[in-house]
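Containing PDB, C-alpha atoms, pLDDT in the B column: target-v8.pdb.
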ATOM      1  CA  MET A  88      98.594  96.521 261.649  1.00 65.00           C
ATOM      2  CA  ARG A  89     100.346  97.699 258.531  1.00 74.00           C
ATOM      3  CA  LEU A  90      97.653  96.117 256.340  1.00 70.00           C
ATOM      4  CA  THR A  91      94.920  97.833 258.342  1.00 74.00           C
ATOM      5  CA  SER A  92      96.593 101.222 257.909  1.00 69.00           C
ATOM      6  CA  LEU A  93      96.978 100.613 254.182  1.00 61.00           C
ATOM      7  CA  LEU A  94      93.329  99.617 253.794  1.00 62.00           C
ATOM      8  CA  ALA A  95      92.202 102.646 255.802  1.00 65.00           C
ATOM      9  CA  GLY A  96      94.309 104.906 253.593  1.00 66.00           C
ATOM     10  CA  VAL A  97      92.882 103.381 250.403  1.00 66.00           C
ATOM     11  CA  LEU A  98      89.356 103.760 251.772  1.00 62.00           C
ATOM     12  CA  ILE A  99      89.935 107.437 252.584  1.00 73.00           C
ATOM     13  CA  VAL A 100      91.344 108.110 249.111  1.00 66.00           C
ATOM     14  CA  CYS A 101      88.362 106.367 247.498  1.00 62.00           C
ATOM     15  CA  LEU A 102      85.893 108.366 249.573  1.00 61.00           C
ATOM     16  CA  CYS A 103      87.612 111.660 248.776  1.00 62.00           C
ATOM     17  CA  CYS A 104      87.907 111.037 245.040  1.00 62.00           C
ATOM     18  CA  GLY A 105      84.473 109.562 244.480  1.00 60.00           C
ATOM     19  CA  CYS A 106      83.650 107.263 241.613  1.00 57.00           C
ATOM     20  CA  GLY A 107      84.049 109.611 238.717  1.00 56.00           C
ATOM     21  CA  GLY A 108      82.723 112.814 237.339  1.00 51.00           C
ATOM     22  CA  SER A 109      80.045 113.729 234.918  1.00 47.00           C
ATOM     23  CA  SER A 110      80.294 112.185 231.474  1.00 45.00           C
ATOM     24  CA  ARG A 111      79.045 115.434 229.927  1.00 48.00           C
ATOM     25  CA  GLN A 112      81.797 117.740 228.764  1.00 50.00           C
ATOM     26  CA  SER A 113      81.408 121.439 229.195  1.00 53.00           C
ATOM     27  CA  VAL A 114      82.108 123.579 226.174  1.00 52.00           C
ATOM     28  CA  LYS A 115      84.309 126.616 226.651  1.00 53.00           C
ATOM     29  CA  PRO A 116      83.174 129.331 224.254  1.00 49.00           C
ATOM     30  CA  ASP A 117      85.842 131.373 222.499  1.00 48.00           C
ATOM     31  CA  LYS A 118      85.137 135.080 222.892  1.00 45.00           C
ATOM     32  CA  ASN A 119      86.482 135.723 219.370  1.00 46.00           C
ATOM     33  CA  GLN A 120      84.058 133.361 217.669  1.00 67.00           C
ATOM     34  CA  GLY A 121      81.215 134.768 215.654  1.00 89.00           C
ATOM     35  CA  LEU A 122      77.574 133.932 216.230  1.00 91.00           C
ATOM     36  CA  LYS A 123      77.528 131.366 213.426  1.00 92.00           C
ATOM     37  CA  GLU A 124      80.500 129.465 214.866  1.00 93.00           C
ATOM     38  CA  VAL A 125      78.990 129.441 218.372  1.00 92.00           C
ATOM     39  CA  LEU A 126      75.669 128.148 216.998  1.00 93.00           C
ATOM     40  CA  GLN A 127      77.503 125.451 215.022  1.00 94.00           C
ATOM     41  CA  GLN A 128      79.336 124.476 218.194  1.00 93.00           C
ATOM     42  CA  LEU A 129      75.993 124.240 220.008  1.00 92.00           C
ATOM     43  CA  SER A 130      74.449 122.164 217.210  1.00 92.00           C
ATOM     44  CA  GLU A 131      77.273 119.656 217.667  1.00 93.00           C
ATOM     45  CA  SER A 132      77.673 119.636 221.452  1.00 90.00           C
ATOM     46  CA  GLY A 133      74.146 120.385 222.675  1.00 88.00           C
ATOM     47  CA  ASP A 134      75.673 122.100 225.737  1.00 87.00           C
ATOM     48  CA  PHE A 135      73.374 125.113 225.835  1.00 88.00           C
ATOM     49  CA  GLU A 136      74.090 126.153 229.421  1.00 88.00           C
ATOM     50  CA  SER A 137      77.707 127.095 228.741  1.00 87.00           C
ATOM     51  CA  LEU A 138      76.866 128.896 225.483  1.00 90.00           C
ATOM     52  CA  LYS A 139      73.583 130.617 226.389  1.00 90.00           C
ATOM     53  CA  GLU A 140      75.103 133.932 227.500  1.00 92.00           C
ATOM     54  CA  VAL A 141      77.580 134.040 224.597  1.00 92.00           C
ATOM     55  CA  ILE A 142      74.802 133.527 222.043  1.00 92.00           C
ATOM     56  CA  SER A 143      72.680 136.254 223.621  1.00 93.00           C
ATOM     57  CA  THR A 144      75.619 138.680 223.583  1.00 92.00           C
ATOM     58  CA  LYS A 145      76.500 137.844 219.972  1.00 92.00           C
ATOM     59  CA  ILE A 146      72.902 138.516 218.916  1.00 92.00           C
ATOM     60  CA  GLU A 147      73.037 141.897 220.679  1.00 92.00           C
ATOM     61  CA  ASP A 148      76.327 142.666 218.885  1.00 91.00           C
ATOM     62  CA  LEU A 149      74.705 141.754 215.570  1.00 89.00           C
ATOM     63  CA  GLU A 150      72.094 144.477 216.081  1.00 88.00           C
ATOM     64  CA  ALA A 151      74.686 147.189 215.427  1.00 88.00           C
ATOM     65  CA  MET A 152      75.567 145.623 212.069  1.00 87.00           C
ATOM     66  CA  ASP A 153      72.226 144.266 210.845  1.00 89.00           C
ATOM     67  CA  ALA A 154      69.092 145.136 212.825  1.00 90.00           C
ATOM     68  CA  ALA A 155      66.783 142.966 210.710  1.00 91.00           C
ATOM     69  CA  LYS A 156      68.990 139.894 211.078  1.00 91.00           C
ATOM     70  CA  SER A 157      69.323 140.578 214.817  1.00 91.00           C
ATOM     71  CA  LYS A 158      65.531 140.712 215.164  1.00 94.00           C
ATOM     72  CA  GLU A 159      65.195 137.393 213.328  1.00 94.00           C
ATOM     73  CA  MET A 160      67.924 135.802 215.459  1.00 93.00           C
ATOM     74  CA  THR A 161      66.279 137.105 218.638  1.00 95.00           C
ATOM     75  CA  ALA A 162      63.006 135.406 217.684  1.00 95.00           C
ATOM     76  CA  ASP A 163      64.864 132.182 216.885  1.00 95.00           C
ATOM     77  CA  TYR A 164      66.767 132.472 220.169  1.00 94.00           C
ATOM     78  CA  GLN A 165      63.462 132.604 222.052  1.00 95.00           C
ATOM     79  CA  THR A 166      62.529 129.317 220.346  1.00 93.00           C
ATOM     80  CA  LEU A 167      65.935 127.935 221.313  1.00 91.00           C
ATOM     81  CA  LEU A 168      65.302 128.846 224.950  1.00 91.00           C
ATOM     82  CA  LYS A 169      62.061 126.852 224.867  1.00 91.00           C
ATOM     83  CA  SER A 170      63.679 123.751 223.354  1.00 87.00           C
ATOM     84  CA  ALA A 171      63.743 121.078 226.033  1.00 83.00           C
ATOM     85  CA  ALA A 172      64.926 118.016 224.139  1.00 89.00           C
ATOM     86  CA  PRO A 173      68.624 117.941 223.174  1.00 89.00           C
ATOM     87  CA  ALA A 174      67.761 116.926 219.602  1.00 91.00           C
ATOM     88  CA  ALA A 175      65.370 119.881 219.233  1.00 91.00           C
ATOM     89  CA  LEU A 176      67.962 122.225 220.707  1.00 91.00           C
ATOM     90  CA  LYS A 177      70.644 121.023 218.280  1.00 93.00           C
ATOM     91  CA  ALA A 178      68.251 121.280 215.324  1.00 93.00           C
ATOM     92  CA  GLN A 179      67.242 124.855 216.235  1.00 93.00           C
ATOM     93  CA  ALA A 180      70.885 125.880 216.644  1.00 92.00           C
ATOM     94  CA  LYS A 181      71.732 124.407 213.235  1.00 93.00           C
ATOM     95  CA  LYS A 182      68.759 126.201 211.670  1.00 94.00           C
ATOM     96  CA  MET A 183      69.941 129.488 213.155  1.00 92.00           C
ATOM     97  CA  ALA A 184      73.544 128.954 212.033  1.00 93.00           C
ATOM     98  CA  ASP A 185      72.377 128.168 208.492  1.00 93.00           C
ATOM     99  CA  LYS A 186      70.602 131.547 208.329  1.00 91.00           C
ATOM    100  CA  LEU A 187      73.856 133.420 208.930  1.00 88.00           C
TER     101      LEU A 187
END
Here is the file; what I need is its structure written in the form of structure tokens.
Amino acid sequence: MRLTSLLAGVLIVCLCCGCGGSSRQSVKPDKNQGLKEVLQQLSESGDFESLKEVISTKIEDLEAMDAAKSKEMTADYQTLLKSAAPAALKAQAKKMADKL
């Protein structure tokens, strides 16, 4: 009886916990980072979903300082949005960071 209760408890714990999480780590963007640093982070991690909004905002912020550079970054950002393969995404992010 005791063994049955123990096995039932172990089974419940296993079902609740599952067999592990995602192997992909999410990147937490730092609000104080500049556009170049965020793009470098993207070129290393490839985690575009967590950085997409930050990059867009940083490009908008750049417009107040350098409209021409902001326009160029906006065009490159559109290319970044179309990048499907992780390698292409990382390469585009590195290219953008190198321009800053």
Expressed in Å, the length from CA of Asp163 in chain A to CA of Ser137 in chain A is 18.2 Å
Closest of A:Ala151, A:Leu176, A:Ser157, A:Lys182 to Lys139 in chain A, counting only C-alpha atoms, is A:Leu176
On this structure, which residues satisfy the PyMOL selection byres ((chain A and resi 185-187) around 10), written as a PyMOL selection string? chain A and resi 122-124+126-127+156+159-160+179-184
- request: Taking the file as shown, find all residues satisfying the PyMOL selection byres ((chain A and resi 147) around 12) and write them as a ChimeraX atom specification.
  value: /A:121-122,140-146,148-161,164
* Pro173 in chain A: which residues within 10 Å, counting all atoms listed in the file, same-chain residues fewer than 5 positions away excluded, as a list in words? ->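 In the requested format, the answer is Ser130, Ser132, Gly133, Asp134, Phe135, Ala178 and Gln179 of chain A.
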Just to confirm, what's the straight-line distance from CA of Gln165 in chain A to CA of Val125 in chain A in Å (one decimal)?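 Between CA of Gln165 in chain A and CA of Val125 in chain A the gap works out to 16.3 Å.
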Is it possible to get the axis-aligned box enclosing range 118-133 of chain A (all listed atoms, 4 Å extra per side) as JSON, with centre and edge lengths in Å rounded to one decimal?
{"center_x": 80.3, "center_y": 127.7, "center_z": 218.2, "size_x": 20.3, "size_y": 24.1, "size_z": 17.5}
